[in-house]
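Quick look at run.cif (mmCIF, C-alpha atoms):
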data_query
#
loop_
_atom_site.label_atom_id
_atom_site.label_comp_id
_atom_site.auth_asym_id
_atom_site.auth_seq_id
_atom_site.Cartn_x
_atom_site.Cartn_y
_atom_site.Cartn_z
CA MET W 1 0.00 0.00 0.00
CA VAL W 2 1.29 3.45 -0.93
CA SER W 3 -0.10 4.89 2.31
CA ASP W 4 2.23 2.61 4.29
CA LEU W 5 5.14 4.57 2.88
CA GLY W 6 3.92 7.78 4.45
CA LEU W 7 3.86 9.32 0.96
CA SER W 8 1.11 10.04 -1.53
CA GLY W 9 3.47 10.11 -4.52
CA PRO W 10 7.10 9.92 -5.50
CA ALA W 11 9.87 11.76 -3.66
CA VAL W 12 13.13 13.42 -4.61
CA PHE W 13 16.16 11.70 -3.10
CA ASP W 14 19.10 13.91 -2.16
CA THR W 15 22.61 12.60 -2.87
CA SER W 16 23.06 12.01 0.87
CA ALA W 17 19.89 9.90 1.07
CA GLN W 18 20.94 7.52 -1.71
CA SER W 19 24.30 7.03 -0.04
CA TYR W 20 22.62 6.36 3.28
CA PHE W 21 20.41 3.65 1.77
CA ALA W 22 23.39 2.07 0.00
CA ARG W 23 25.83 2.08 2.91
CA HIS W 24 24.20 2.60 6.30
CA ALA W 25 20.48 1.84 6.20
CA ASP W 26 19.09 -0.53 8.81
CA GLN W 27 16.56 -3.23 7.92
CA THR W 28 13.55 -0.93 8.45
CA ALA W 29 14.93 1.70 6.11
CA GLN W 30 15.91 -0.95 3.54
CA ASP W 31 12.39 -2.41 3.67
CA TRP W 32 10.95 1.07 3.20
CA LEU W 33 13.07 1.61 0.06
CA SER W 34 12.00 -1.76 -1.35
CA ALA W 35 8.34 -0.90 -0.72
CA TYR W 36 8.86 2.56 -2.25
CA SER W 37 10.39 1.04 -5.39
CA LEU W 38 7.28 -1.11 -5.88
CA HIS W 39 5.32 2.06 -6.56
CA PHE W 40 7.65 4.81 -7.69
CA ARG W 41 10.97 5.52 -9.28
CA ILE W 42 13.66 7.31 -7.30
CA HIS W 43 13.33 10.94 -8.41
CA LEU W 44 16.55 12.90 -8.63
CA CYS W 45 17.65 16.44 -9.31
CA PRO W 46 20.18 16.63 -12.18
CA LEU W 47 22.61 18.22 -9.72
CA THR W 48 22.76 14.93 -7.82
CA VAL W 49 23.88 13.26 -11.05
CA VAL W 50 26.50 16.00 -11.49
CA GLU W 51 27.83 15.42 -7.95
CA ARG W 52 27.99 11.65 -8.45
CA MET W 53 29.52 11.65 -11.90
CA ARG W 54 32.11 14.27 -10.95
CA GLY W 55 33.05 11.97 -8.06
CA TYR W 56 33.38 8.95 -10.35
CA TRP W 57 35.57 10.86 -12.82
CA ILE W 58 37.85 12.15 -10.03
CA LEU W 59 38.12 8.61 -8.62
CA LEU W 60 38.88 7.25 -12.08
CA ARG W 61 41.81 9.64 -12.36
CA SER W 62 43.05 9.09 -8.83
CA MET W 63 42.64 5.36 -8.09
CA ILE W 64 45.65 4.18 -10.05
CA GLY W 65 45.50 0.46 -10.82
CA LYS W 66 41.78 0.27 -9.96
CA GLU W 67 40.43 1.96 -13.07
CA ARG W 68 38.44 -1.09 -14.17
CA ALA W 69 36.64 -1.36 -10.83
CA VAL W 70 35.78 2.36 -10.92
CA GLU W 71 34.55 2.14 -14.54
CA GLN W 72 32.41 -0.86 -13.64
CA ALA W 73 30.92 0.98 -10.65
CA MET W 74 30.24 4.01 -12.87
CA HIS W 75 28.37 1.82 -15.36
CA ASP W 76 26.46 0.19 -12.50
CA TYR W 77 25.46 3.68 -11.35
CA LEU W 78 24.29 4.63 -14.86
CA ARG W 79 22.28 1.40 -15.07
CA HIS W 80 20.77 2.18 -11.67
CA LEU W 81 19.86 5.64 -13.02
CA ARG W 82 18.26 4.18 -16.15
CA ASP W 83 16.41 1.32 -14.49
CA THR W 84 15.20 2.81 -11.22
CA CYS W 85 15.45 6.62 -11.33
CA SER W 86 13.72 9.60 -12.94
CA VAL W 87 15.87 12.68 -13.32
CA LEU W 88 13.72 15.82 -13.08
CA ASN W 89 14.24 18.94 -15.18
CA PHE W 90 16.05 21.90 -13.69
CA ASP W 91 14.08 24.61 -15.47
CA VAL W 92 13.63 28.36 -15.24
CA GLU W 93 11.33 28.12 -12.19
CA CYS W 94 13.93 26.03 -10.38
CA ALA W 95 16.53 28.63 -11.38
CA LEU W 96 14.41 31.49 -10.01
CA VAL W 97 13.75 29.75 -6.68
CA SER W 98 17.44 28.80 -6.42
CA ALA W 99 18.51 32.38 -7.06
CA THR W 100 16.22 33.68 -4.30
CA LEU W 101 17.46 31.05 -1.84
CA MET W 102 21.10 31.77 -2.71
CA ALA W 103 20.62 35.52 -2.28
CA LEU W 104 18.85 35.13 1.08
CA ASN W 105 21.28 32.43 2.27
CA PRO W 106 24.64 33.28 0.70
CA ALA W 107 26.83 31.45 3.20
CA PRO W 108 26.75 27.72 3.96
CA PRO W 109 25.12 27.02 7.35
CA SER W 110 27.98 24.77 8.51
CA PRO W 111 31.76 24.89 8.09
CA PRO W 112 33.72 22.90 5.49
CA GLN W 113 34.15 19.21 6.32
CA ARG W 114 37.43 18.28 7.92
CA SER W 115 39.04 15.15 9.23
CA HIS W 116 42.50 14.25 10.50
CA ARG W 117 44.60 15.03 7.41
CA VAL W 118 42.15 16.19 4.80
CA ALA W 119 39.75 19.13 4.55
CA GLU W 120 37.19 20.60 2.20
CA SER W 121 38.09 24.01 0.82
CA ARG W 122 35.81 27.00 1.44
CA GLN W 123 35.13 27.20 -2.31
CA ASP W 124 34.09 23.54 -2.46
CA ARG W 125 31.85 23.97 0.60
CA LEU W 126 30.19 26.97 -1.04
CA SER W 127 29.64 25.09 -4.30
CA ARG W 128 28.19 22.10 -2.39
CA TRP W 129 25.86 24.47 -0.52
CA ARG W 130 24.67 25.92 -3.83
CA PHE W 131 24.12 22.42 -5.20
CA ASP W 132 21.99 21.61 -2.13
CA ILE W 133 19.96 24.78 -2.72
CA MET W 134 19.32 23.73 -6.33
CA ILE W 135 18.31 20.23 -5.20
CA ALA W 136 15.87 21.71 -2.67
CA ALA W 137 14.51 24.13 -5.30
CA THR W 138 13.87 21.25 -7.71
CA ALA W 139 11.86 19.35 -5.08
CA LEU W 140 10.01 22.54 -4.11
CA VAL W 141 9.07 23.54 -7.67
CA ASN W 142 7.92 20.01 -8.52
CA GLY W 143 5.88 19.83 -5.30
CA LEU W 144 7.66 16.66 -4.19
CA PRO W 145 9.03 15.80 -0.74
CA LEU W 146 12.80 15.71 -0.38
CA ILE W 147 14.33 12.68 1.33
CA HIS W 148 17.73 13.56 2.77
CA ASN W 149 20.43 12.75 5.28
CA ASN W 150 21.69 16.30 5.54
CA PRO W 151 19.58 18.28 8.03
CA GLN W 152 22.34 20.88 8.57
CA ASP W 153 21.86 22.18 5.03
CA PHE W 154 18.19 21.54 4.31
CA GLU W 155 16.49 22.54 7.57
CA PRO W 156 17.63 26.18 7.32
CA LEU W 157 16.16 26.33 3.81
CA ARG W 158 12.85 24.90 5.00
CA GLY W 159 12.78 27.42 7.86
CA LEU W 160 13.51 30.33 5.52
CA ILE W 161 10.73 29.35 3.09
CA GLU W 162 8.30 29.06 5.99
CA ARG W 163 9.28 32.47 7.36
CA MET W 164 9.20 34.26 4.00
CA PRO W 165 6.51 32.57 1.87
CA GLU W 166 5.96 35.84 -0.05
CA ARG W 167 9.42 35.39 -1.59
CA PHE W 168 8.40 31.99 -3.00
CA PRO W 169 5.02 32.55 -4.67
CA GLY W 170 3.26 29.45 -5.92
CA VAL W 171 5.63 26.98 -4.29
CA GLY W 172 6.22 25.54 -0.87
CA PRO W 173 6.38 24.58 1.86
CA LEU W 174 9.50 22.44 1.49
CA ASN W 175 8.54 18.98 2.69
CA LEU W 176 11.65 17.36 4.16
CA ILE W 177 11.85 13.72 5.19
CA SER W 178 14.96 12.60 7.06
CA VAL W 179 16.18 9.07 6.29
CA LYS W 180 16.53 8.68 10.06
CA ARG W 181 12.75 9.01 10.35
CA LEU W 182 12.32 6.14 7.88
CA ALA W 183 14.64 3.99 9.94
CA ALA W 184 12.73 4.68 13.17
CA MET S 1 45.21 8.73 0.05
CA LEU S 2 44.14 9.78 -3.44
CA LYS S 3 46.71 10.06 -6.21
CA THR S 4 46.14 11.87 -9.48
CA LYS S 5 47.18 10.62 -12.91
CA THR S 6 45.88 9.25 -16.25
CA SER S 7 43.00 10.59 -18.28
CA PRO S 8 39.57 8.90 -18.26
CA ARG S 9 39.27 6.21 -20.92
CA LYS S 10 35.51 6.27 -21.37
CA THR S 11 33.90 8.99 -23.44
CA HIS S 12 30.76 10.85 -22.42
CA GLY S 13 29.13 9.44 -25.57
CA SER S 14 29.45 5.85 -24.43
CA MET S 15 27.97 6.84 -21.03
CA ARG S 16 25.00 8.50 -22.68
CA LYS S 17 24.24 5.35 -24.66
CA VAL S 18 23.52 3.51 -21.42
CA LEU S 19 20.87 6.09 -20.50
CA ARG S 20 19.17 6.59 -23.85
CA SER S 21 15.68 5.11 -24.33
CA ARG S 22 13.74 5.14 -27.60
CA THR S 23 10.17 6.27 -28.06
CA ARG S 24 7.47 5.02 -30.46
CA ARG S 25 4.47 6.88 -31.80
CA THR S 26 1.23 4.98 -31.25
CA THR S 27 -2.54 5.53 -31.18
CA LEU S 28 -4.63 4.44 -28.21
CA THR S 29 -8.36 4.77 -27.58
CA LEU S 30 -8.90 5.74 -23.95
CA PRO S 31 -11.92 6.75 -21.85
CA GLU S 32 -12.32 10.54 -21.97
CA PRO S 33 -12.35 11.08 -18.18
CA LEU S 34 -9.03 9.25 -17.92
CA VAL S 35 -7.48 11.43 -20.60
CA GLU S 36 -8.78 14.54 -18.84
CA GLN S 37 -7.28 13.40 -15.55
CA ALA S 38 -3.98 12.67 -17.26
CA GLU S 39 -4.02 16.11 -18.87
CA ARG S 40 -4.59 17.73 -15.47
CA LEU S 41 -1.74 15.74 -13.98
CA ALA S 42 0.55 16.67 -16.88
CA LYS S 43 -0.25 20.35 -16.36
CA GLN S 44 0.35 20.06 -12.63
CA ARG S 45 3.69 18.32 -13.18
CA ARG S 46 4.57 20.63 -16.06
CA GLN S 47 5.06 17.68 -18.40
CA THR S 48 3.76 16.81 -21.85
CA LEU S 49 0.75 14.50 -21.92
CA SER S 50 2.97 11.79 -23.40
CA ALA S 51 5.47 12.11 -20.56
CA ALA S 52 2.74 12.05 -17.91
CA VAL S 53 1.01 9.00 -19.43
CA ALA S 54 4.36 7.26 -19.86
CA GLY S 55 5.12 7.92 -16.18
CA LEU S 56 1.77 6.53 -15.05
CA MET S 57 2.09 3.47 -17.28
CA GLU S 58 5.62 2.86 -16.12
CA GLN S 59 4.50 3.09 -12.48
CA SER S 60 1.62 0.64 -12.98
CA LEU S 61 3.68 -1.79 -15.02
CA ARG S 62 6.43 -1.64 -12.43
CA SER S 63 4.02 -2.51 -9.61
CA TYR S 64 2.51 -5.30 -11.71
CA ARG S 65 5.87 -6.72 -12.72
CA LEU S 66 7.23 -6.59 -9.20
CA GLU S 67 4.12 -8.20 -7.75
CA GLN S 68 4.39 -11.01 -10.30
CA HIS S 69 8.11 -11.67 -10.38
CA GLY S 70 9.94 -9.40 -7.98
CA GLY S 71 12.01 -6.80 -9.77
CA PRO S 72 15.33 -5.08 -10.04
CA ASN S 73 16.48 -4.69 -6.49
CA VAL S 74 16.98 -0.96 -6.04
CA LEU S 75 19.11 -1.43 -2.97
CA GLU S 76 21.29 -4.04 -4.65
CA SER S 77 21.86 -1.85 -7.71
CA LEU S 78 22.77 1.12 -5.48
CA GLN S 79 25.14 -0.97 -3.38
CA LYS S 80 26.84 -2.30 -6.55
CA ALA S 81 27.45 1.25 -7.78
CA PHE S 82 29.25 2.16 -4.54
CA ALA S 83 30.77 -1.22 -3.61
CA PRO S 84 34.46 -0.69 -4.45
CA PHE S 85 34.83 2.49 -2.45
CA SER S 86 36.04 3.30 1.06
CA ASP S 87 34.18 5.82 3.24
CA GLU S 88 36.73 8.47 2.25
CA GLU S 89 36.18 7.78 -1.44
CA MET S 90 32.41 7.79 -0.90
CA LEU S 91 32.70 11.43 0.21
CA LEU S 92 33.74 12.29 -3.35
CA LEU S 93 30.65 10.53 -4.71
CA ASP S 94 28.57 12.59 -2.29
CA GLY S 95 30.01 15.76 -3.79
CA ILE S 96 32.45 16.41 -0.94
CA VAL S 97 35.95 17.05 -2.27
CA MET S 98 38.61 16.77 0.44
CA GLU S 99 42.21 17.85 -0.10
CA PRO S 100 45.25 16.99 2.03
CA VAL S 101 46.09 19.70 4.56
CA ALA S 102 49.59 20.76 5.47
CA ASP S 103 50.78 19.98 9.02
CA GLY S 104 49.89 22.73 11.46
CA GLU S 105 46.96 24.07 9.39
#
Re-express the file's structure as C-alpha cells.
Amino acid sequence: MVSDLGLSGPAVFDTSAQSYFARHADQTAQDWLSAYSLHFRIHLCPLTVVERMRGYWILLRSMIGKERAVEQAMHDYLRHLRDTCSVLNFDVECALVSATLMALNPAPPSPPQRSHRVAESRQDRLSRWRFDIMIAATALVNGLPLIHNNPQDFEPLRGLIERMPERFPGVGPLNLISVKRLAA
Amino acid sequence: MLKTKTSPRKTHGSMRKVLRSRTRRTTLTLPEPLVEQAERLAKQRRQTLSAAVAGLMEQSLRSYRLEQHGGPNVLESLQKAFAPFSDEEMLLLDGIVMEPVADGE
C-alpha cells in the first residue's frame, strides 16, 4: 500500500539519502526503500547526477591500478539511473527559486568538512551548498518531498521558506523527510 | 590517500548510450475522463501529456511486474554502484571534495 510509505506520490532523493540507503540503512529503512520502489521511481535532481559523476571521474583519475573497478561501478550507477530513477528537469522556475534562496542564504550554514589530514576548501563547501539549494529548489518547484540525510543544510532552507513565503510565490512549503525518520 | 594521474578512458558518448531510451508513436483509444485526468496531472507536473502518461504506465507496469516476479532490487543496484569504495572515497561521490592539509593548518 502506498499509504504505508507515508507518501502520496514519488519523492526526490538527495545525494546524501541515496548514499545512506546504499551504505548505512538498517533493515527498516531498507524495507521502506524496497516498498517505495514497488510504486515509484527514485526521483533525482540533475545536480545529484553531477555530484555523483564528478566523483566517479575524479576517482577514475586518482585510483591508479583500480580503473576497471571504478569504470564498472560508474556503469552500475548509470544502469541504476536508467532502471530505477527519474531525473527531473532543472528549469527556469527552479533557477528562479534557487537564485532567491542563494541571495537570502549566501553562506553555507555549517563549516567545510574536515578530518584528520584532509579538509574541504571554502570554495568547495560553497559550491556544495549551492548544489543543495538547487536540489531543494527542484523538489520545491515540482511539489515533491525531499528525502535527505543532511539536516544541517536543508532545515535552514525549510525554515527560511516558511518564514518568508511571499518570496516563494506558488511553491512551498518544502517537505523534508529525514532518512533517520524512515529507519525509526 | 588519493593520487592523481591518467585521463579517463571512457567517453561521455558511451555513457550517454547507457541512459538513452527510444520512443514510439502509437494511437490508443482511452476513456475521456481518464485522458482529462492525465491532462490535469501533466499540467500540474509541467510535463507533456505523453510524458505524464508514460510515467503513469511505467508506475503501474512496475508494480505489476514486481508483484508477479519481484524486480530489479533498487538497494542491490545502489550498493553495486558504490561497492568498491572506502568511506573516504564515498565522500567524493557525495560531492564532498577533500584535499590533504599541510601539518599545522
Please identify every residue of chain W that has at least one atom no farther than 7 Å from an atom of chain S, counting all atoms listed in the file, and for each give the shortest atom pair and the distance in Å to one decimal, arranged by chain then increasing number, as a tab-separated table.
residue	atom	partner	partner_atom	distance
W:Thr15	CA	S:Asp94	CA	6.0
W:Ser16	CA	S:Asp94	CA	6.4
W:Ala22	CA	S:Gln79	CA	4.9
W:Ser34	CA	S:Val74	CA	6.9
W:Ser37	CA	S:Val74	CA	6.9
W:Leu38	CA	S:Ser63	CA	5.1
W:His39	CA	S:Ser63	CA	5.6
W:Phe40	CA	S:Gln59	CA	6.0
W:Glu51	CA	S:Gly95	CA	4.7
W:Arg52	CA	S:Leu93	CA	4.7
W:Gly55	CA	S:Leu93	CA	4.4
W:Tyr56	CA	S:Leu93	CA	6.5
W:Leu60	CA	S:Pro8	CA	6.4
W:Arg61	CA	S:Lys5	CA	5.5
W:Ser62	CA	S:Thr4	CA	4.2
W:Met63	CA	S:Lys3	CA	6.5
W:Ala69	CA	S:Pro84	CA	6.8
W:Ala73	CA	S:Ala81	CA	4.5
W:Met74	CA	S:Ala81	CA	6.4
W:Asp76	CA	S:Ala81	CA	4.9
W:Tyr77	CA	S:Ala81	CA	4.8
W:Leu78	CA	S:Val18	CA	6.7
W:Arg79	CA	S:Val18	CA	6.8
W:His80	CA	S:Ser77	CA	5.8
W:Arg82	CA	S:Leu19	CA	5.4
W:Thr84	CA	S:Val74	CA	6.6
W:Arg117	CA	S:Val101	CA	5.7
W:Val118	CA	S:Pro100	CA	4.2
W:Ala119	CA	S:Met98	CA	4.9
W:Glu120	CA	S:Met98	CA	4.4
W:Asp124	CA	S:Val97	CA	6.8
W:Arg128	CA	S:Gly95	CA	6.7
W:Asn142	CA	S:Arg45	CA	6.5
Can you list, as a PyMOL selection string, the residues that the PyMOL selection byres ((chain W and resi 98) around 12) selects here? chain W and resi 90-97+99-106+129-141+157+161+167-168
Report, in Å to a single decimal, how far apart atom CA of Ile147 of chain W and atom CA of Ile177 of chain W are.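 Computing the Euclidean distance for atom CA of Ile177 of chain W and atom CA of Ile147 of chain W yields 4.7 Å.
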For the file shown, report as a ChimeraX atom specification the outcome of the PyMOL selection byres ((chain W and resi 112) around 7) at residue level. /W:110-111,113-114,120-122,125
Evaluate the PyMOL selection byres ((chain W and resi 44) around 10) against this structure - the residues, as a ChimeraX atom specification, please. /W:11-15,18,41-43,45-49,81,85-89,135,138-139,146
Atom-to-atom span, atom CA of Ala52 of chain S and atom CA of Arg22 of chain S, Å: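 Spanning atom CA of Ala52 of chain S to atom CA of Arg22 of chain S is a straight-line distance of 16.2 Å.
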Rounded to one decimal in Å, what is the spacing between atom CA of Ala38 of chain S and atom CA of Pro145 of chain W?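 A separation of 21.3 Å between them.
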